[in-house]
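J.: To start, I am sharing the structure in question, which I have written as structure tokens.
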Amino acid sequence: MSRSFILFCLIPFLHGCNNPSHTPRTPNILFILVDDLGKEWVSCYGADSILTPNVDRLADTGILFDNAWVMPQCTPTRVSFLTGQYPFHTGWINHWDVPRWGAQCHFDPKYYKTIALALQKQGYKTCIAGKWQVNDFRVQPRILKDHGFDEYCMWTGYETGNPPSAERYWDPYIHTLQGSKTYSGQFGEDVFTDFILDFMERYRQEPMFIYYPMVLTHTPLVATPNHREAETAIEKHKAMVRYMDHSVGRLIKGLERLGLREQTVVVWTTDNGTSGSIEGHLKGEPVRGGKVKLSQNGMAMPFIVNAPAYRQEGLKTGELVDITDLFPTFLELAGGSIEAWNGDGRSFCEMIQGKTNKTNRDWVLSMGGRPALLRDGKVVPRTKFAPRAIGNKTHKLVVNEDREVIALFNIQSDPFEKINLLGREKALDREEKERLLQVLEDMPGHDAWPRYDPTPKQSWDLTPENGSK
């Protein structure tokens with residue numbers, strides 16, 4: 001066979017490798033979910049009191065979404081991501097800290113199929129590192145395998161009766177395939193980041209899905225390895241935000257070192273707003289942390305997609321996305337079919353790929369927060385119909401547990417929600433209100449309850465720490 005013939009055959013392949021429009025069929029997916037951090041602490045969103053250069057770099061070379069919604073507290077956001085379904089369908093509406101409160105409750109793989117399982121079926125190697133909290137690893141030590149994760153490195157969440165397990169930062173108590181133990185002298189986020197970097201290196205020849213639900217920047221406030229001198233609450237909070245950014249930077253550099261950066265889609269967002277004890281500044285306005293609240297600082301979070309292979313750089317969009325959208329988006333990016341998928345999320349895969357500048361959404365939803373209740377031995381939502389916010393690009397309705405609209409905001413012209421327009425709407429406000437009311441009308445009148453087969457009863461079950469009766 002002649003050299004010229006070989007070169008002729010190679011030309012299309014070589015051209016594809018260097019062509020900006022050439023994209024990997026099954027890219028790696030790295031999803032980073034920061035704990036308790038609003039836009040007022042991310043500099044590319046206009047935070048005035050902090051610099052987050054590594055996160056900013058993801059935005060500068062990717063897509064920054066300005067209308068991305070999550071749920072206002074930990075549990076409903078995370079379950080909504082994992083399942084691609086809204087809390088009123090899954091029943092995981094309110095926070096329930098399984099290792100701490102028990103009550104034989106758990107996130108049951110029998111009833112909930114995760115994005116990790118879906119991607120495993122597409123041939124992905126899967127791992128998770130960081131925070132979980134919806135299963136008790138003492139009772140279910142290998143439960144993350146059942147949820148679709150090949151490997152894991154997790155802060156267990158505080159386990160009632162086990163004081164070392166309270167630690168997630170210094171001397172963290174971490175669960176892996178080898179069991180649970182304290183990592184003396186180490187900082188939790190370093191353990192998680194090192195684990196992910198090792199996973200990347202070992203499986204770099206295969207498509208990977210990496211879910212990194214960080215423990216930063218949730219309280220307790222602590223000094224970090226890069227800012228050991230931090231003493232006051234605000235100094236520690238800033239140190240933790242900076243270390244979050246530092247950890248993100250380590251992962252991106254790791255991808256570059258391994259030659260994986262071009263073939264990896266990175267999504268970075270947060271699970272809900274900052275703790276209410278912390279005040280930041282956003283575009284010159286003071287912003288008190290909105291965690292648990294249905295205000296914008298509680299559920300309209302920073303959201304960045306960075307996918308170098310698709311050459312979508314420096315874009316800022318007001319298109320709508322919410323946390324349920326990641327399930328179908330990741331599945332479609334991985335080459336899977338979403339035609340038969342019946343979740344609530346809408347794929348925006350084609351926007352990431354540069355095939356359109358639109359997402360497939362007219363409205364987004366946020367709901368949930370505060371601890372669930374324990375009734376007749378069953379973990380149930382606090383109310384029959386949870387308060388919720390429904391929004392589009394310009395307006396937002398806030399609805400109470402009686403399905404009554406209690407607020408209407410023009411979040412485009414009034415992003416800090418200073419003026420409740422209810423009862424004094426102009427024509428455009430009324431038009432948008434009617435659109436959102438129709439969404440409300442289509443929602444079921446009774447939210448689902450969490451589904452689970454009870455785990456064996458434990459000595460720490462039924463503790464009253466959550467204030468439930």
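Residue names in the structure tokens use chain letters A, B, ... in the order shown, residue numbers from 1 in each chain, and ligand numbers from 1 in the order shown.
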Which residues are near region 49-63 of chain A? Cut-off 7 Å, only C-alpha atoms, ignore same chain within fewer than 2 positions. Put them as an mmCIF file with C-alpha atoms, in the first residue's frame.
T.:
```cif
data_model
loop_
_atom_site.group_PDB
_atom_site.id
_atom_site.type_symbol
_atom_site.label_atom_id
_atom_site.label_comp_id
_atom_site.auth_asym_id
_atom_site.auth_seq_id
_atom_site.Cartn_x
_atom_site.Cartn_y
_atom_site.Cartn_z
ATOM 1 C CA TRP A 41 -20.259 35.377 46.052
ATOM 2 C CA VAL A 42 -19.287 34.688 42.423
ATOM 3 C CA SER A 43 -17.347 37.482 40.751
ATOM 4 C CA CYS A 44 -18.377 36.740 37.144
ATOM 5 C CA ALA A 47 -20.128 39.894 43.315
ATOM 6 C CA PHE A 65 -26.741 31.327 32.403
ATOM 7 C CA ARG A 242 -11.763 30.998 47.636
ATOM 8 C CA ASP A 245 -12.555 28.156 43.552
ATOM 9 C CA VAL A 248 -12.296 23.839 40.868
ATOM 10 C CA GLY A 249 -9.021 25.092 39.423
ATOM 11 C CA GLY A 280 -22.494 39.747 50.436
ATOM 12 C CA HIS A 281 -22.805 42.376 47.707
ATOM 13 C CA ILE A 304 -22.052 27.800 34.009
ATOM 14 C CA VAL A 305 -21.492 25.272 31.217
ATOM 15 C CA ASN A 306 -18.015 24.908 29.758
ATOM 16 C CA ALA A 307 -17.530 22.572 26.786
ATOM 17 C CA GLN A 312 -19.175 28.080 22.847
ATOM 18 C CA GLU A 313 -17.077 30.783 24.505
ATOM 19 C CA GLY A 314 -17.910 33.873 26.486
ATOM 20 C CA LEU A 315 -21.658 33.611 26.022
ATOM 21 C CA LYS A 316 -24.112 35.076 28.494
#
```
J.: Please report, as a short mmCIF file (atom, residue, chain, number, x, y, z; two decimals) with C-alpha atoms, in the first residue's frame, each residue of region 113-319 of chain A to which DSSP assigns alpha helix (DSSP H) when run on this structure's backbone.
T.:
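selection_32.cif, freshly written:
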```
data_model
loop_
_atom_site.label_atom_id
_atom_site.label_comp_id
_atom_site.auth_asym_id
_atom_site.auth_seq_id
_atom_site.Cartn_x
_atom_site.Cartn_y
_atom_site.Cartn_z
CA ILE A 115 -28.62 9.87 36.08
CA ALA A 116 -25.59 7.83 37.15
CA LEU A 117 -27.44 4.59 36.36
CA ALA A 118 -28.56 5.99 33.01
CA LEU A 119 -25.00 6.92 32.08
CA GLN A 120 -23.64 3.56 33.21
CA LYS A 121 -25.93 2.00 30.62
CA ILE A 143 -25.92 1.92 48.54
CA LEU A 144 -24.05 4.23 46.17
CA LYS A 145 -23.31 1.21 43.97
CA ASP A 146 -27.06 0.66 43.73
CA GLY A 188 -12.07 17.32 53.28
CA GLU A 189 -12.18 19.13 49.95
CA ASP A 190 -8.58 18.05 49.27
CA VAL A 191 -9.49 14.40 49.88
CA PHE A 192 -12.40 14.65 47.44
CA THR A 193 -10.42 16.49 44.78
CA ASP A 194 -7.50 14.05 45.03
CA PHE A 195 -9.96 11.15 44.68
CA ILE A 196 -11.49 12.63 41.52
CA LEU A 197 -8.09 13.35 39.99
CA ASP A 198 -7.04 9.76 40.64
CA PHE A 199 -10.29 8.48 39.11
CA MET A 200 -9.71 10.63 36.02
CA GLU A 201 -6.23 9.25 35.55
CA ARG A 202 -7.24 5.61 35.94
CA ALA A 233 -17.03 34.61 60.41
CA ILE A 234 -16.78 36.68 57.22
CA GLU A 235 -13.06 35.98 56.87
CA LYS A 236 -13.72 32.25 57.13
CA HIS A 237 -16.59 32.40 54.67
CA LYS A 238 -14.44 34.24 52.13
CA ALA A 239 -11.62 31.74 52.71
CA MET A 240 -14.05 28.89 52.02
CA VAL A 241 -15.33 30.50 48.81
CA ARG A 242 -11.76 31.00 47.64
CA TYR A 243 -10.91 27.39 48.45
CA MET A 244 -13.95 26.23 46.51
CA ASP A 245 -12.55 28.16 43.55
CA HIS A 246 -9.08 26.73 44.17
CA SER A 247 -10.47 23.18 44.14
CA VAL A 248 -12.30 23.84 40.87
CA GLY A 249 -9.02 25.09 39.42
CA ARG A 250 -7.22 21.91 40.48
CA LEU A 251 -9.75 19.77 38.62
CA ILE A 252 -9.51 21.83 35.44
CA LYS A 253 -5.72 21.66 35.53
CA GLY A 254 -6.00 17.92 36.08
CA LEU A 255 -8.14 17.57 32.96
CA GLU A 256 -5.60 19.59 31.00
CA ARG A 257 -2.66 17.54 32.29
CA GLN A 296 -34.12 35.07 43.97
CA ASN A 297 -31.18 34.90 46.37
CA GLY A 298 -32.47 31.50 47.55
CA MET A 299 -33.12 29.69 44.28
#
```
J.: Which residue, A:Gly354, A:Gly345, A:Gly368, A:Pro109, has the smallest gap to Lys293 (chain A) when you use only C-alpha atoms?
T.: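 Using only C-alpha atoms, Lys293 (chain A) sits closest to A:Gly368.
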J.: For the contact check between region 234-290 of chain A and region 203-208 of chain A, emit one row per residue of region 234-290 of chain A within 10 Å, containing the shortest atom pair and the distance in Å rounded to one decimal, counting only C-alpha atoms, chain then rising number order, as a tab-separated table.
T.:
```
residue	atom	partner	partner_atom	distance
A:Leu255	CA	A:Arg204	CA	9.3
A:Leu258	CA	A:Arg204	CA	7.4
A:Gly259	CA	A:Arg204	CA	8.7
A:Leu260	CA	A:Arg204	CA	7.4
A:Gln263	CA	A:Pro207	CA	9.2
A:Thr264	CA	A:Met208	CA	8.8
```
J.: DSSP on the backbone, strand (DSSP E or B) only: what residues of region 21-110 of chain A does that give? Format it as JSON, numbers by chain.
T.: {"A": [28, 29, 30, 31, 32, 33, 34, 47, 63, 64, 65, 66, 67, 68, 69, 95]}
J.: Near region 387-402 of chain A, counting only C-alpha atoms, which residues have an atom at most 6 Å away, once you skip same-chain residues fewer than 2 positions from it, shown as a list of chain:residue names?
T.: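 So, after excluding close chain neighbours, the residues are A:Trp363, A:Val364, A:Leu365, A:Ser366, A:Met367, A:Phe385, A:Glu404, A:Val405, A:Ile406, A:Ala407, A:Leu408, A:Phe409, A:Asn410, A:Ile411, A:Gln412.
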J.: Kindly indicate which residue among A:Ala300, A:Val265, A:Ala103, A:Cys127 lies nearest to Val380 (chain A), using only C-alpha atoms for the distances.
T.: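 Closest candidate: A:Ala103.
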J.: Rounded to one decimal place, report the CA of Pro308 (chain A)-CA of Asp271 (chain A) distance in Å.
T.: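 CA of Asp271 (chain A) lies 24.4 Å from CA of Pro308 (chain A).
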J.: Which neighbours of Gly377 (chain A) fall inside 10 Å, counting only C-alpha atoms, when residues of the same chain fewer than 6 positions from it are skipped, and could you give them as a PDB file with N, CA and C atoms, in the first residue's frame?
T.:
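Listed below is the output, selection.pdb:
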```
ATOM      1  N   ALA A 103     -35.283   7.339  61.093  1.00  0.00           N
ATOM      2  CA  ALA A 103     -36.700   6.995  60.922  1.00  0.00           C
ATOM      3  C   ALA A 103     -36.917   5.989  59.798  1.00  0.00           C
ATOM      4  N   GLN A 104     -35.877   5.185  59.534  1.00  0.00           N
ATOM      5  CA  GLN A 104     -35.941   4.129  58.512  1.00  0.00           C
ATOM      6  C   GLN A 104     -36.173   4.665  57.100  1.00  0.00           C
ATOM      7  N   CYS A 105     -35.976   5.974  56.947  1.00  0.00           N
ATOM      8  CA  CYS A 105     -36.147   6.631  55.656  1.00  0.00           C
ATOM      9  C   CYS A 105     -34.838   6.564  54.869  1.00  0.00           C
ATOM     10  N   PRO A 454     -38.849   0.768  54.219  1.00  0.00           N
ATOM     11  CA  PRO A 454     -38.094   1.139  55.427  1.00  0.00           C
ATOM     12  C   PRO A 454     -36.849   0.274  55.624  1.00  0.00           C
ATOM     13  N   ASP A 461     -32.870   6.135  65.381  1.00  0.00           N
ATOM     14  CA  ASP A 461     -34.080   6.544  64.674  1.00  0.00           C
ATOM     15  C   ASP A 461     -34.995   7.388  65.558  1.00  0.00           C
ATOM     16  N   LEU A 462     -35.858   8.142  64.876  1.00  0.00           N
ATOM     17  CA  LEU A 462     -36.943   8.895  65.514  1.00  0.00           C
ATOM     18  C   LEU A 462     -36.444   9.968  66.467  1.00  0.00           C
TER      19      LEU A 462
END
```
J.: Report as a list of chain:residue names all protein, DNA and RNA residues lying within 9 Å of Leu37 (chain A), evaluated on only C-alpha atoms, omitting residues in the same chain fewer than 6 positions from it.
T.: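 Here the qualifying residues turn out to be A:Leu216, A:Thr217, A:His218, A:Val241, A:Thr269, A:Thr270, A:Asp271, A:Asn272, A:Gly273, A:Thr274, A:Ser275, A:Gly289, A:Lys291, A:Met301, A:Pro302.
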J.: Using C-alpha atoms, can you write the selected residues to a file as a short mmCIF file (atom, residue, chain, number, x, y, z; two decimals), in the first residue's frame?
T.:
```
data_model
loop_
_atom_site.label_atom_id
_atom_site.label_comp_id
_atom_site.auth_asym_id
_atom_site.auth_seq_id
_atom_site.Cartn_x
_atom_site.Cartn_y
_atom_site.Cartn_z
CA LEU A 216 -17.80 23.83 50.63
CA THR A 217 -19.14 26.45 51.37
CA HIS A 218 -21.69 25.16 53.91
CA VAL A 241 -15.33 30.50 48.81
CA THR A 269 -23.65 25.47 39.79
CA THR A 270 -24.83 25.60 43.41
CA ASP A 271 -27.58 23.82 45.32
CA ASN A 272 -29.25 26.87 46.87
CA GLY A 273 -28.50 30.32 48.24
CA THR A 274 -25.97 31.31 50.85
CA SER A 275 -26.67 30.85 54.55
CA GLY A 289 -28.05 34.85 52.05
CA LYS A 291 -31.07 29.70 51.66
CA MET A 301 -28.31 30.43 41.25
CA PRO A 302 -25.12 30.85 39.24
#
```
